[in-house]
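Coordinates as given in protein.cif (mmCIF, C-alpha atoms):
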data_input
loop_
_atom_site.label_atom_id
_atom_site.label_comp_id
_atom_site.auth_asym_id
_atom_site.auth_seq_id
_atom_site.Cartn_x
_atom_site.Cartn_y
_atom_site.Cartn_z
CA MET N 144 44.47 127.26 154.93
CA ASN N 145 44.37 125.44 158.28
CA SER N 146 47.31 124.96 160.65
CA GLY N 147 47.81 121.29 159.69
CA ARG N 148 48.22 122.06 155.99
CA LEU N 149 50.48 125.02 156.80
CA LEU N 150 52.68 122.80 158.99
CA TRP N 151 52.91 120.14 156.28
CA THR N 152 53.97 122.82 153.78
CA ARG N 153 56.66 124.08 156.12
CA VAL N 154 57.95 120.55 156.79
CA LEU N 155 58.18 119.88 153.04
CA GLU N 156 59.99 123.17 152.51
CA ASN N 157 62.44 122.24 155.25
CA GLY N 158 63.07 118.87 153.61
CA LYS N 159 63.61 120.49 150.20
CA HIS N 160 66.05 122.93 151.76
CA LYS N 161 68.08 120.06 153.24
CA LEU N 162 68.13 118.20 149.92
CA LYS N 163 69.20 121.36 148.10
CA THR N 164 72.03 121.86 150.58
CA MET N 165 73.19 118.27 150.18
CA ARG N 166 73.14 118.58 146.39
CA ALA N 167 75.53 121.51 146.71
CA VAL N 168 78.08 119.07 148.14
CA MET N 169 77.18 115.67 146.66
CA ASP N 170 77.28 115.37 142.91
CA TRP N 171 76.63 112.10 141.06
CA THR N 172 80.26 110.97 141.40
CA ILE N 173 80.13 111.22 145.21
CA ILE N 174 76.80 109.41 145.28
CA VAL N 175 78.01 106.59 143.00
CA TYR N 176 81.50 106.13 144.43
CA PHE N 177 80.95 106.99 148.09
CA VAL N 178 77.33 107.15 149.28
CA ILE N 179 76.02 103.97 147.62
CA PRO N 180 79.08 101.85 148.54
CA SER N 181 78.86 103.14 152.11
CA ILE N 182 75.21 102.09 152.34
CA VAL N 183 75.97 98.63 150.91
CA ILE N 184 78.98 98.10 153.19
CA GLY N 185 76.99 99.36 156.20
CA PHE N 186 74.20 96.90 155.44
CA PHE N 187 76.59 93.94 155.31
CA ILE N 188 78.35 95.06 158.49
CA TYR N 189 75.02 95.26 160.31
CA ARG N 190 73.99 91.87 158.92
CA SER N 191 77.28 90.35 160.10
CA TRP N 192 76.51 91.55 163.64
CA TRP N 193 73.39 89.36 163.67
CA LEU N 194 75.31 86.36 162.35
CA GLU N 195 78.44 86.70 164.48
CA MET N 196 79.44 89.16 167.18
CA PRO N 197 82.52 91.27 166.34
CA GLY N 198 85.52 90.76 168.56
CA TRP N 199 85.62 94.31 169.90
CA ILE N 200 82.21 93.99 171.61
CA GLN N 201 83.69 91.44 174.04
CA HIS N 202 85.58 94.24 175.81
CA ILE N 203 82.70 96.73 176.02
CA PRO N 204 80.62 96.51 179.22
CA PHE N 205 76.90 97.12 179.16
CA SER N 206 77.29 100.47 180.92
CA PHE N 207 78.98 101.82 177.79
CA LEU N 208 75.62 101.68 175.97
CA PHE N 209 74.19 104.07 178.54
CA ILE N 210 77.26 106.31 178.36
CA GLY N 211 77.22 106.39 174.56
CA SER N 212 73.49 107.05 174.34
CA PHE N 213 73.87 109.92 176.82
CA PHE N 214 75.89 111.88 174.25
CA LEU N 215 73.02 111.49 171.77
CA LEU N 216 70.67 113.49 174.01
CA TRP N 217 72.09 116.85 173.01
CA ASN N 218 71.97 119.44 170.28
CA SER N 219 68.26 119.12 169.42
CA HIS N 220 65.24 121.39 169.95
CA PHE N 221 61.48 121.33 169.62
CA ARG N 222 60.79 123.15 166.37
CA THR N 223 57.70 125.22 165.56
CA TYR N 224 58.54 125.89 161.88
CA VAL N 225 57.89 129.61 162.16
CA ARG N 226 59.34 132.14 159.71
CA GLU N 227 60.36 135.75 160.12
CA ALA N 228 57.60 136.86 157.76
CA ASP N 229 55.02 135.34 160.13
CA THR N 230 55.14 138.55 162.16
CA ILE N 231 53.20 140.28 159.38
CA PHE N 232 50.44 137.77 158.67
CA LEU N 233 50.18 134.95 161.19
CA MET N 234 50.59 137.15 164.25
CA LYS N 235 47.23 138.66 163.31
CA LYS N 236 45.72 135.18 163.04
CA GLU N 237 46.53 133.95 166.53
CA ARG N 238 44.55 130.73 166.26
CA LEU N 239 46.29 129.65 163.05
CA PHE N 240 49.69 130.65 164.43
CA ILE N 241 49.29 128.74 167.70
CA GLY N 242 48.01 125.73 165.75
CA LEU N 243 51.18 125.80 163.65
CA LYS N 244 53.34 125.91 166.77
CA LYS N 245 51.45 123.06 168.43
CA GLY N 246 51.73 120.93 165.33
CA GLY N 247 55.45 121.64 165.02
CA ILE N 248 56.17 120.68 168.61
CA LEU N 249 54.07 117.51 168.34
CA PHE N 250 55.89 116.66 165.11
CA SER N 251 59.21 117.07 166.97
CA TYR N 252 57.97 114.68 169.68
CA THR N 253 57.08 112.11 167.01
CA PHE N 254 60.32 112.56 165.10
CA GLU N 255 62.38 111.86 168.21
CA ILE N 256 60.39 108.64 168.73
CA LEU N 257 61.59 107.55 165.28
CA THR N 258 65.13 108.47 166.35
CA ALA N 259 64.77 106.20 169.39
CA GLY N 260 63.56 103.43 167.06
CA LEU N 261 66.70 103.80 164.92
CA LEU N 262 68.84 103.67 168.05
CA ALA N 263 67.08 100.48 169.15
CA LEU N 264 67.58 98.95 165.70
CA LEU N 265 71.30 99.79 165.80
CA ILE N 266 72.02 98.23 169.20
CA ALA N 267 69.59 95.31 168.83
CA PRO N 268 72.19 92.72 167.71
CA PHE N 269 74.37 93.40 170.74
CA TRP N 270 71.39 93.79 173.05
CA PHE N 271 69.92 90.38 172.30
CA GLN N 272 72.87 88.21 171.31
CA HIS N 273 75.73 89.55 173.42
CA TYR N 274 74.15 91.02 176.54
CA GLY N 275 71.21 88.60 176.51
CA PHE N 276 68.42 91.08 177.33
CA THR N 277 64.79 90.87 176.21
CA GLY N 278 62.69 92.99 173.88
CA LEU N 279 60.73 94.42 176.82
CA GLN N 280 63.97 95.60 178.40
CA LEU N 281 65.00 97.22 175.13
CA LEU N 282 61.64 99.00 175.00
CA SER N 283 62.08 100.31 178.56
CA PHE N 284 65.60 101.51 177.70
CA CYS N 285 64.33 103.41 174.64
CA ILE N 286 61.44 104.94 176.60
CA SER N 287 63.84 106.14 179.31
CA TRP N 288 66.17 107.60 176.70
CA ILE N 289 63.52 109.35 174.59
CA THR N 290 61.71 110.89 177.57
CA LEU N 291 64.97 112.26 178.96
CA LYS N 292 65.81 113.67 175.54
CA TRP N 293 62.39 115.36 175.46
CA LEU N 294 63.18 116.95 178.83
CA VAL N 295 66.63 118.13 177.66
CA MET N 296 65.11 119.56 174.47
CA ALA N 297 62.42 121.38 176.46
CA VAL N 298 64.97 122.90 178.84
CA SER N 299 67.18 123.92 175.90
CA GLY N 300 64.17 125.62 174.32
CA ARG N 301 63.84 127.91 177.33
CA LEU N 302 67.48 129.03 177.15
CA ASP N 303 68.97 131.72 174.95
CA VAL N 304 70.04 129.79 171.84
CA GLN N 305 71.92 132.80 170.47
CA LEU N 306 74.37 132.78 173.36
CA ARG N 307 77.87 131.67 172.33
CA GLY N 308 81.28 131.07 173.81
CA LEU N 309 82.35 130.32 177.36
CA ILE N 310 79.17 131.77 178.89
CA SER N 311 77.07 129.27 176.94
CA ILE N 312 79.24 126.38 178.15
CA LEU N 313 79.04 127.48 181.79
CA ARG N 314 75.28 127.94 181.52
CA ASN N 315 74.80 124.39 180.23
CA ILE N 316 76.84 122.72 182.99
CA PRO N 317 73.88 122.43 185.43
CA LEU N 318 71.75 120.94 182.63
CA VAL N 319 74.41 118.34 181.83
CA ILE N 320 74.84 117.45 185.50
CA GLY N 321 71.07 117.18 186.04
CA ALA N 322 70.53 115.04 182.93
CA GLY N 323 73.51 112.88 183.90
CA ALA N 324 72.07 112.30 187.38
CA ILE N 325 68.67 111.28 185.94
CA TRP N 326 70.33 108.97 183.41
CA TYR N 327 72.49 107.40 186.12
CA VAL N 328 69.45 106.70 188.30
CA SER N 329 67.74 105.20 185.25
CA PHE N 330 70.77 102.95 184.72
CA LEU N 331 70.71 101.76 188.33
CA ALA N 332 66.97 101.11 188.08
CA PHE N 333 67.48 99.13 184.88
CA GLU N 334 70.38 97.18 186.37
CA HIS N 335 68.27 96.13 189.37
CA GLY N 336 65.13 95.44 187.33
CA ALA N 337 63.10 98.24 188.96
CA ILE N 338 60.54 98.60 186.17
CA LEU N 339 58.20 100.76 188.26
CA LEU N 340 60.98 103.24 188.97
CA ILE N 341 61.83 103.39 185.25
CA ILE N 342 58.18 104.09 184.44
CA LEU N 343 58.02 106.79 187.12
CA ILE N 344 61.17 108.52 185.86
CA SER N 345 59.89 108.37 182.28
CA LEU N 346 56.55 109.90 183.31
CA LEU N 347 58.27 112.69 185.24
CA ASN N 348 60.52 113.43 182.25
CA THR N 349 57.53 113.57 179.91
CA VAL N 350 55.46 115.76 182.22
CA GLY N 351 58.45 118.06 182.75
CA SER N 352 58.93 118.52 179.01
CA ILE N 353 55.22 119.29 178.52
CA VAL N 354 55.24 121.85 181.34
CA LEU N 355 58.30 123.58 179.95
CA ASN N 356 56.83 123.59 176.44
CA TYR N 357 53.41 124.84 177.59
CA PRO N 358 54.13 128.57 176.95
CA ARG N 359 55.16 127.75 173.40
CA PHE N 360 51.94 125.77 172.98
CA THR N 361 49.59 128.49 174.11
CA SER N 362 51.15 131.90 173.46
CA ILE N 363 52.39 133.96 170.52
CA HIS N 364 54.74 135.94 172.76
CA THR N 365 57.50 133.32 172.44
CA PHE N 366 57.83 134.09 168.73
CA GLU N 367 61.37 135.50 168.96
CA GLN N 368 62.62 132.40 170.78
CA ASP N 369 60.78 130.07 168.39
CA LEU N 370 62.29 131.86 165.40
CA ALA N 371 65.79 131.75 166.89
CA ILE N 372 65.49 127.98 167.49
CA ASP N 373 64.30 127.26 163.95
CA GLU N 374 67.01 129.42 162.43
CA ARG N 375 69.65 127.66 164.51
CA GLU N 376 68.43 124.20 163.50
CA LYS N 377 68.46 125.21 159.84
CA ARG N 378 71.91 126.77 160.15
CA LYS N 379 73.24 123.73 162.03
CA HIS N 380 72.27 121.38 159.20
CA THR N 381 73.65 123.71 156.55
CA GLU N 382 76.98 124.11 158.33
CA PHE N 383 77.25 120.34 158.85
CA VAL N 384 76.63 119.51 155.19
CA LEU N 385 78.84 122.29 153.83
CA GLY N 386 81.51 121.32 156.34
CA MET N 387 81.95 118.02 154.47
CA SER N 388 83.13 119.94 151.42
CA SER N 389 86.47 121.71 151.33
CA ASP N 390 85.63 123.43 148.03
CA ILE N 391 82.70 125.49 149.33
CA GLU N 392 83.45 128.63 151.27
CA LYS N 393 82.20 128.36 154.84
CA LEU N 394 80.04 131.00 156.45
CA PRO N 395 82.05 133.12 158.88
CA LYS N 396 81.24 132.43 162.51
CA LEU N 397 80.34 135.29 164.80
CA GLY N 398 82.93 136.17 167.38
CA THR N 399 84.63 139.02 169.12
CA VAL N 400 86.30 141.54 166.82
CA ARG N 401 90.07 141.62 167.31
CA LYS N 402 92.59 144.08 165.93
CA ASN N 403 95.27 141.37 165.75
CA PRO N 404 94.87 137.59 165.38
CA ARG N 405 95.63 135.37 168.38
CA LEU N 406 98.30 133.44 166.48
CA TYR N 407 101.21 135.20 164.77
CA SER N 408 99.93 138.62 165.83
CA LYS N 409 103.15 140.24 164.54
CA SER N 410 103.34 137.91 161.53
CA ASN N 411 106.83 136.78 162.47
CA ARG N 412 108.75 134.38 160.31
CA LEU N 413 108.37 130.70 161.16
CA PHE N 414 111.52 129.52 159.38
CA LYS N 415 114.97 131.07 159.31
CA LYS N 416 115.72 129.69 155.85
CA ARG N 417 114.02 131.74 153.13
CA THR N 418 113.16 129.84 149.96
CA GLU N 419 110.13 129.66 147.68
CA MET N 420 108.99 126.41 149.24
CA VAL N 421 109.40 127.77 152.78
CA GLY N 422 107.38 130.86 151.87
CA TYR N 423 104.48 128.73 150.62
CA LEU N 424 104.68 126.49 153.70
CA GLU N 425 104.66 129.48 156.04
CA LEU N 426 101.59 130.90 154.32
CA PHE N 427 99.80 127.55 154.49
CA ILE N 428 100.64 126.99 158.17
CA LYS N 429 99.49 130.45 159.25
CA VAL N 430 96.16 130.22 157.42
CA THR N 431 95.29 126.68 158.56
CA THR N 432 96.27 127.19 162.21
CA ARG N 433 94.27 130.42 162.46
CA ASN N 434 91.12 128.69 161.17
CA THR N 435 90.07 125.63 163.19
CA GLU N 436 87.78 124.40 160.39
CA TYR N 437 90.79 122.96 158.59
CA PHE N 438 91.97 121.16 161.72
CA TRP N 439 88.59 119.61 162.43
CA GLY N 440 88.27 118.54 158.81
CA TYR N 441 91.50 116.57 159.17
CA VAL N 442 90.37 115.12 162.52
CA ARG N 443 87.07 113.98 160.96
CA ILE N 444 88.91 111.98 158.30
CA ILE N 445 91.02 110.22 160.94
CA GLY N 446 88.04 109.67 163.24
CA VAL N 447 85.85 108.10 160.56
CA THR N 448 88.68 105.85 159.42
CA VAL N 449 89.49 104.64 162.95
CA ALA N 450 85.79 104.02 163.66
CA ALA N 451 85.54 101.94 160.47
CA LEU N 452 88.66 99.97 161.44
CA ILE N 453 87.12 99.13 164.81
CA MET N 454 83.71 98.13 163.42
CA LEU N 455 84.81 96.14 160.36
CA PRO N 456 85.71 92.55 161.31
CA PRO N 457 87.59 91.20 158.23
CA LEU N 458 91.25 92.12 157.86
CA TRP N 459 90.97 92.77 154.13
CA MET N 460 88.25 95.35 154.77
CA LYS N 461 90.44 97.07 157.37
CA ILE N 462 93.30 97.28 154.86
CA GLY N 463 90.92 98.61 152.20
CA ILE N 464 89.53 101.25 154.55
CA THR N 465 93.07 102.32 155.49
CA ALA N 466 93.99 102.71 151.82
CA CYS N 467 90.81 104.69 151.11
CA GLY N 468 91.46 106.89 154.14
CA LEU N 469 95.02 107.61 153.01
CA PHE N 470 93.75 108.51 149.56
CA THR N 471 91.18 110.84 151.17
CA VAL N 472 93.91 112.57 153.20
CA VAL N 473 96.00 113.10 150.06
CA ALA N 474 93.03 114.44 148.09
CA TRP N 475 91.87 116.63 150.99
CA SER N 476 95.32 118.14 151.54
CA GLY N 477 95.62 118.91 147.81
CA SER N 478 92.20 120.56 147.83
CA ILE N 479 93.03 122.68 150.88
CA TRP N 480 96.40 123.65 149.38
CA HIS N 481 94.71 124.77 146.17
CA LYS N 482 92.08 126.72 148.10
CA ILE N 483 94.62 128.56 150.29
CA VAL N 484 97.61 128.91 147.98
CA GLY N 485 96.72 127.89 144.44
CA SER N 486 93.56 129.94 144.00
CA HIS N 487 94.78 133.15 145.61
CA PRO N 488 95.06 136.01 143.05
CA PHE N 489 98.67 136.70 144.05
CA THR N 490 100.16 133.27 144.75
CA LYS N 491 98.55 131.57 141.76
CA LEU N 492 100.79 133.69 139.52
CA TYR N 493 103.70 131.55 140.73
CA SER N 494 101.88 128.20 140.82
CA GLY N 495 104.03 126.80 138.02
CA LYS N 496 107.34 127.09 139.89
CA ASP N 497 109.18 124.27 141.65
CA GLY N 498 108.72 125.78 145.10
CA TYR N 499 104.95 125.58 144.74
CA PHE N 500 104.96 121.84 143.98
CA LYS N 501 107.62 121.07 146.60
CA GLY N 502 105.55 122.85 149.23
CA LYS N 503 102.41 120.99 148.19
CA ASN N 504 104.19 117.62 148.32
CA THR N 505 105.67 118.45 151.71
CA VAL N 506 102.27 119.31 153.15
CA THR N 507 100.76 116.11 151.76
CA ALA N 508 103.57 114.00 153.22
CA VAL N 509 103.39 115.68 156.64
CA LEU N 510 99.60 115.24 156.88
CA ALA N 511 99.86 111.60 155.78
CA VAL N 512 102.31 110.73 158.56
CA PRO N 513 99.94 111.06 161.60
CA PHE N 514 97.19 109.22 159.72
CA THR N 515 99.56 106.37 158.82
CA VAL N 516 100.98 106.17 162.36
CA ILE N 517 97.51 105.98 163.91
CA CYS N 518 96.38 103.23 161.51
CA LEU N 519 99.57 101.22 162.03
CA ALA N 520 99.24 101.67 165.78
CA TYR N 521 95.77 100.20 165.56
CA PHE N 522 96.96 97.13 163.65
CA PHE N 523 99.98 96.44 165.88
CA VAL N 524 98.81 97.64 169.30
CA ILE N 525 95.15 96.60 169.29
CA GLN N 526 96.00 92.95 169.93
CA TYR N 527 97.91 93.86 173.09
CA VAL N 528 95.15 96.22 174.25
CA GLN N 529 92.45 93.60 173.72
CA LYS N 530 94.41 91.12 175.84
CA SER N 531 95.07 93.69 178.57
CA ILE N 532 91.49 94.96 179.00
CA PRO N 533 90.04 91.70 180.40
CA LEU N 534 92.94 91.46 182.86
CA PHE N 535 92.35 95.05 183.94
CA LEU N 536 88.62 94.53 184.38
CA ASN N 537 89.06 91.27 186.32
CA GLY N 538 91.93 92.61 188.40
#

Using structure tokens, write down the structure that the file contains.
Amino acid sequence: MNSGRLLWTRVLENGKHKLKTMRAVMDWTIIVYFVIPSIVIGFFIYRSWWLEMPGWIQHIPFSFLFIGSFFLLWNSHFRTYVREADTIFLMKKERLFIGLKKGGILFSYTFEILTAGLLALLIAPFWFQHYGFTGLQLLSFCISWITLKWLVMAVSGRLDVQLRGLISILRNIPLVIGAGAIWYVSFLAFEHGAILLIILISLLNTVGSIVLNYPRFTSIHTFEQDLAIDEREKRKHTEFVLGMSSDIEKLPKLGTVRKNPRLYSKSNRLFKKRTEMVGYLELFIKVTTRNTEYFWGYVRIIGVTVAALIMLPPLWMKIGITACGLFTVVAWSGSIWHKIVGSHPFTKLYSGKDGYFKGKNTVTAVLAVPFTVICLAYFFVIQYVQKSIPLFLNG
């Protein structure tokens, strides 16, 4: 077996692993009632952008494209598709092992080019019809973006990917500042039409990424780092997919071991009044506030709904999305309630009592209030905001 065939086998295995993970969350009902309608609606939304510009784009300056694309530079690595078992066999076949690593890194370069192509396809309607730029300018923008992303990925590959917490955040600050400075200079060069400067920056970014990746190209001594990167990328995808399902138990995240939790360390009572419903509510509040996964799940529902409200032009679609989002909040809250309270070996013994259902209805109503307020605020306040932004920008 040569390195090319081995790489292709590993890539296929990685794809099968992703599909298997997605199948654990998406059954045929989700595909039929959510995935397929989302694809169809997304296609018609994108088509409408080519026919007529949405109203919200009028208040977005061109610099926002650079700012938004800057956030897409992160959380990716050059993969080598190594496995832990490779220490036994491939480490003895250095030529085959290095060939696998070279092929994996080159595949990552190519894959990110496809990502840049998707980004160009997404912003093309606004790029040509609203901002009035040319295809050559779009190509130079994508080249600047992809080469900077290569550089960020190469630098990230030299850092300890197993580092977590505040130390990891502080360590990445210089990288964010450096990448931001390069991207800002690229923006100024693009704004002034300095094509030669854009080409020079792109070449320096590419050369920098190759230099930083060179040890991974030529040596087997970076195996531990290569393995850690591949395991993190696999774990990142798995956690993202499983995070969309509230019914699947999430993998516990590593952290410092504490004798007492940060919140409610003495497990004090939250309510003075003691009833069945209050007991269920207190249990639900303590569990959900101690685990941030529940909070971010709720935030994701609101965020996706608000994004859809902004991007969908017709009013009837906005109303439909709001109704679907409210239904999702109700279903999600019921699922979380059942997972925390209803399925527990002790509390499920009392799941038929009135306090159980009153507590569940109270939680559903409380969680529906912020969602409803945010959606109503969008419908009633957005008109005023849209009128105020041009005055602010011109003033």

Worksheet entry | Residues matched by the PyMOL selection byres ((chain N and resi 184-195) around 8), written as JSON, numbers by chain | {"N": [180, 181, 182, 183, 196, 197, 268, 269, 272, 454, 455]}

Practice prompt. Tell me which residues the PyMOL selection byres ((chain N and resi 291-293) around 7) grabs here, as a list in words.
Written response: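 What the PyMOL selection byres ((chain N and resi 291-293) around 7) grabs from the file is Leu216, Ser287, Trp288, Ile289, Thr290, Leu294, Val295, Met296, Ala297, Asn348, Thr349 and Ser352 of chain N.
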
Worksheet entry | Contacts of segment 257-262 of chain N at 6 Å (only C-alpha atoms; same-chain gap of 3+ positions) as a list in words |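 After dropping sequence-adjacent residues, the list is Phe254, Leu265 and Cys285 of chain N.
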
Discussion item. Using only C-alpha atoms, which protein or nucleic acid residues come within 10 Å of Thr490 of chain N? Drop anything in the same chain fewer than 4 positions from it, and give the result as a list in words.
Written reply: Tyr423, Leu426, Ile483, Val484, Gly485, Ser486, Ser494 and Tyr499 of chain N

Worksheet entry | Result set, the PyMOL selection byres ((chain N and resi 421) around 12) on current file, as a list in words |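 This file gives the following for the PyMOL selection byres ((chain N and resi 421) around 12): Arg412, Leu413, Phe414, Lys415, Lys416, Arg417, Thr418, Glu419, Met420, Gly422, Tyr423, Leu424, Glu425, Leu426, Phe427, Ile428, Asp497, Gly498, Tyr499, Phe500, Lys501, Gly502, Lys503, Thr505 and Val506 of chain N.
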
Discussion item. Just the number, please: distance in Å from atom CA of Gly158 of chain N to atom CA of Ile372 of chain N, one decimal.
Written reply: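 A separation of 16.8 Å between them.
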
Worksheet item: So how many Å separate atom CA of Val472 of chain N and atom CA of Ala511 of chain N, to one decimal?
Response: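 Interatomic distance, atom CA of Val472 of chain N to atom CA of Ala511 of chain N: 6.6 Å.
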
Build an axis-aligned box that encloses every atom of segment 427-434 of chain N listed in the file, pad it by 8 Å on each side, and report its centre and edge lengths in Å to one decimal, as AutoDock Vina command-line options.
--center_x 95.9 --center_y 128.6 --center_z 158.5 --size_x 25.5 --size_y 19.8 --size_z 24.0

Discussion item. Restricting the calculation to all atoms listed in the file: of N:Ile445, N:Ala520, N:Ala451, N:Val304, which residue gets closest to Asp369 of chain N?
Written reply: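 Looking only at the distances to Asp369 of chain N, the closest residue turns out to be N:Val304.
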
Practice prompt. Choose the residue, out of N:Pro204, N:Gly198, N:Gly278, N:Gly247, that has the smallest atom-to-atom separation from Val154 of chain N; count only C-alpha atoms.
Written response: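 Once distances to Val154 of chain N are computed over only C-alpha atoms, the minimum belongs to N:Gly247.
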
Worksheet item: Closest to Lys244 of chain N among N:Glu436, N:Glu382, N:Asp373, N:Glu334, using all atoms listed in the file?
Response: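 Residue with the minimum atom-to-atom distance to Lys244 of chain N: N:Asp373.
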
Using 12 Å as the limit and counting all atoms listed in the file, can you tabulate each residue of segment 341-381 of chain N that touches segment 225-236 of chain N, with its shortest atom-to-atom distance in Å and the two atoms involved, as a tab-separated table?
residue	atom	partner	partner_atom	distance
N:Arg359	CA	N:Val225	CA	11.7
N:Ser362	CA	N:Met234	CA	10.6
N:Ile363	CA	N:Met234	CA	7.3
N:His364	CA	N:Met234	CA	9.5
N:Thr365	CA	N:Val225	CA	10.9
N:Phe366	CA	N:Val225	CA	8.0
N:Glu367	CA	N:Glu227	CA	8.9
N:Gln368	CA	N:Val225	CA	10.2
N:Asp369	CA	N:Val225	CA	6.9
N:Leu370	CA	N:Val225	CA	5.9
N:Ala371	CA	N:Val225	CA	9.5
N:Ile372	CA	N:Val225	CA	9.4
N:Asp373	CA	N:Val225	CA	7.1
N:Glu374	CA	N:Arg226	CA	8.6
N:Glu376	CA	N:Val225	CA	11.9
N:Lys377	CA	N:Arg226	CA	11.5

Worksheet item: To one decimal place, how far is atom CA of Leu313 of chain N from atom CA of His380 of chain N in Å?
Response: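 Taking atom CA of Leu313 of chain N and atom CA of His380 of chain N, their separation equals 24.4 Å.
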
Practice prompt. Find, counting all atoms listed in the file, the residue in N:Gly446, N:Leu519, N:Ile312, N:Val298 that gets nearest to Gly351 of chain N.
Written response: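 The answer is N:Val298, which sits nearest to Gly351 of chain N.
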
Worksheet item: Hey, which of N:Ile342, N:Ile241, N:Ala167, N:Ala263 ends up closest to Leu208 of chain N? Count all atoms listed in the file.
Response: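 Comparing N:Ile342, N:Ile241, N:Ala167, N:Ala263 against Leu208 of chain N, the winner is N:Ala263.
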
Worksheet item: Of the candidates N:Val447, N:Ile210, N:Leu302, N:Ile266, which one gets nearest to Phe330 of chain N if we count all atoms listed in the file?
Response: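 When distances to Phe330 of chain N are compared using all atoms listed in the file, the smallest one comes from N:Ile210.
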
Worksheet item: Which residues come within 12 Å of Trp151 of chain N, counting all atoms listed in the file, excluding same-chain residues fewer than 5 positions away, as a list in words?
Response: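 Counting all atoms listed in the file, the residues come to Met144, Asn145, Ser146, Glu156, Asn157, Gly158, Thr223, Tyr224, Leu243, Lys244, Gly246, Gly247 and Phe250 of chain N.
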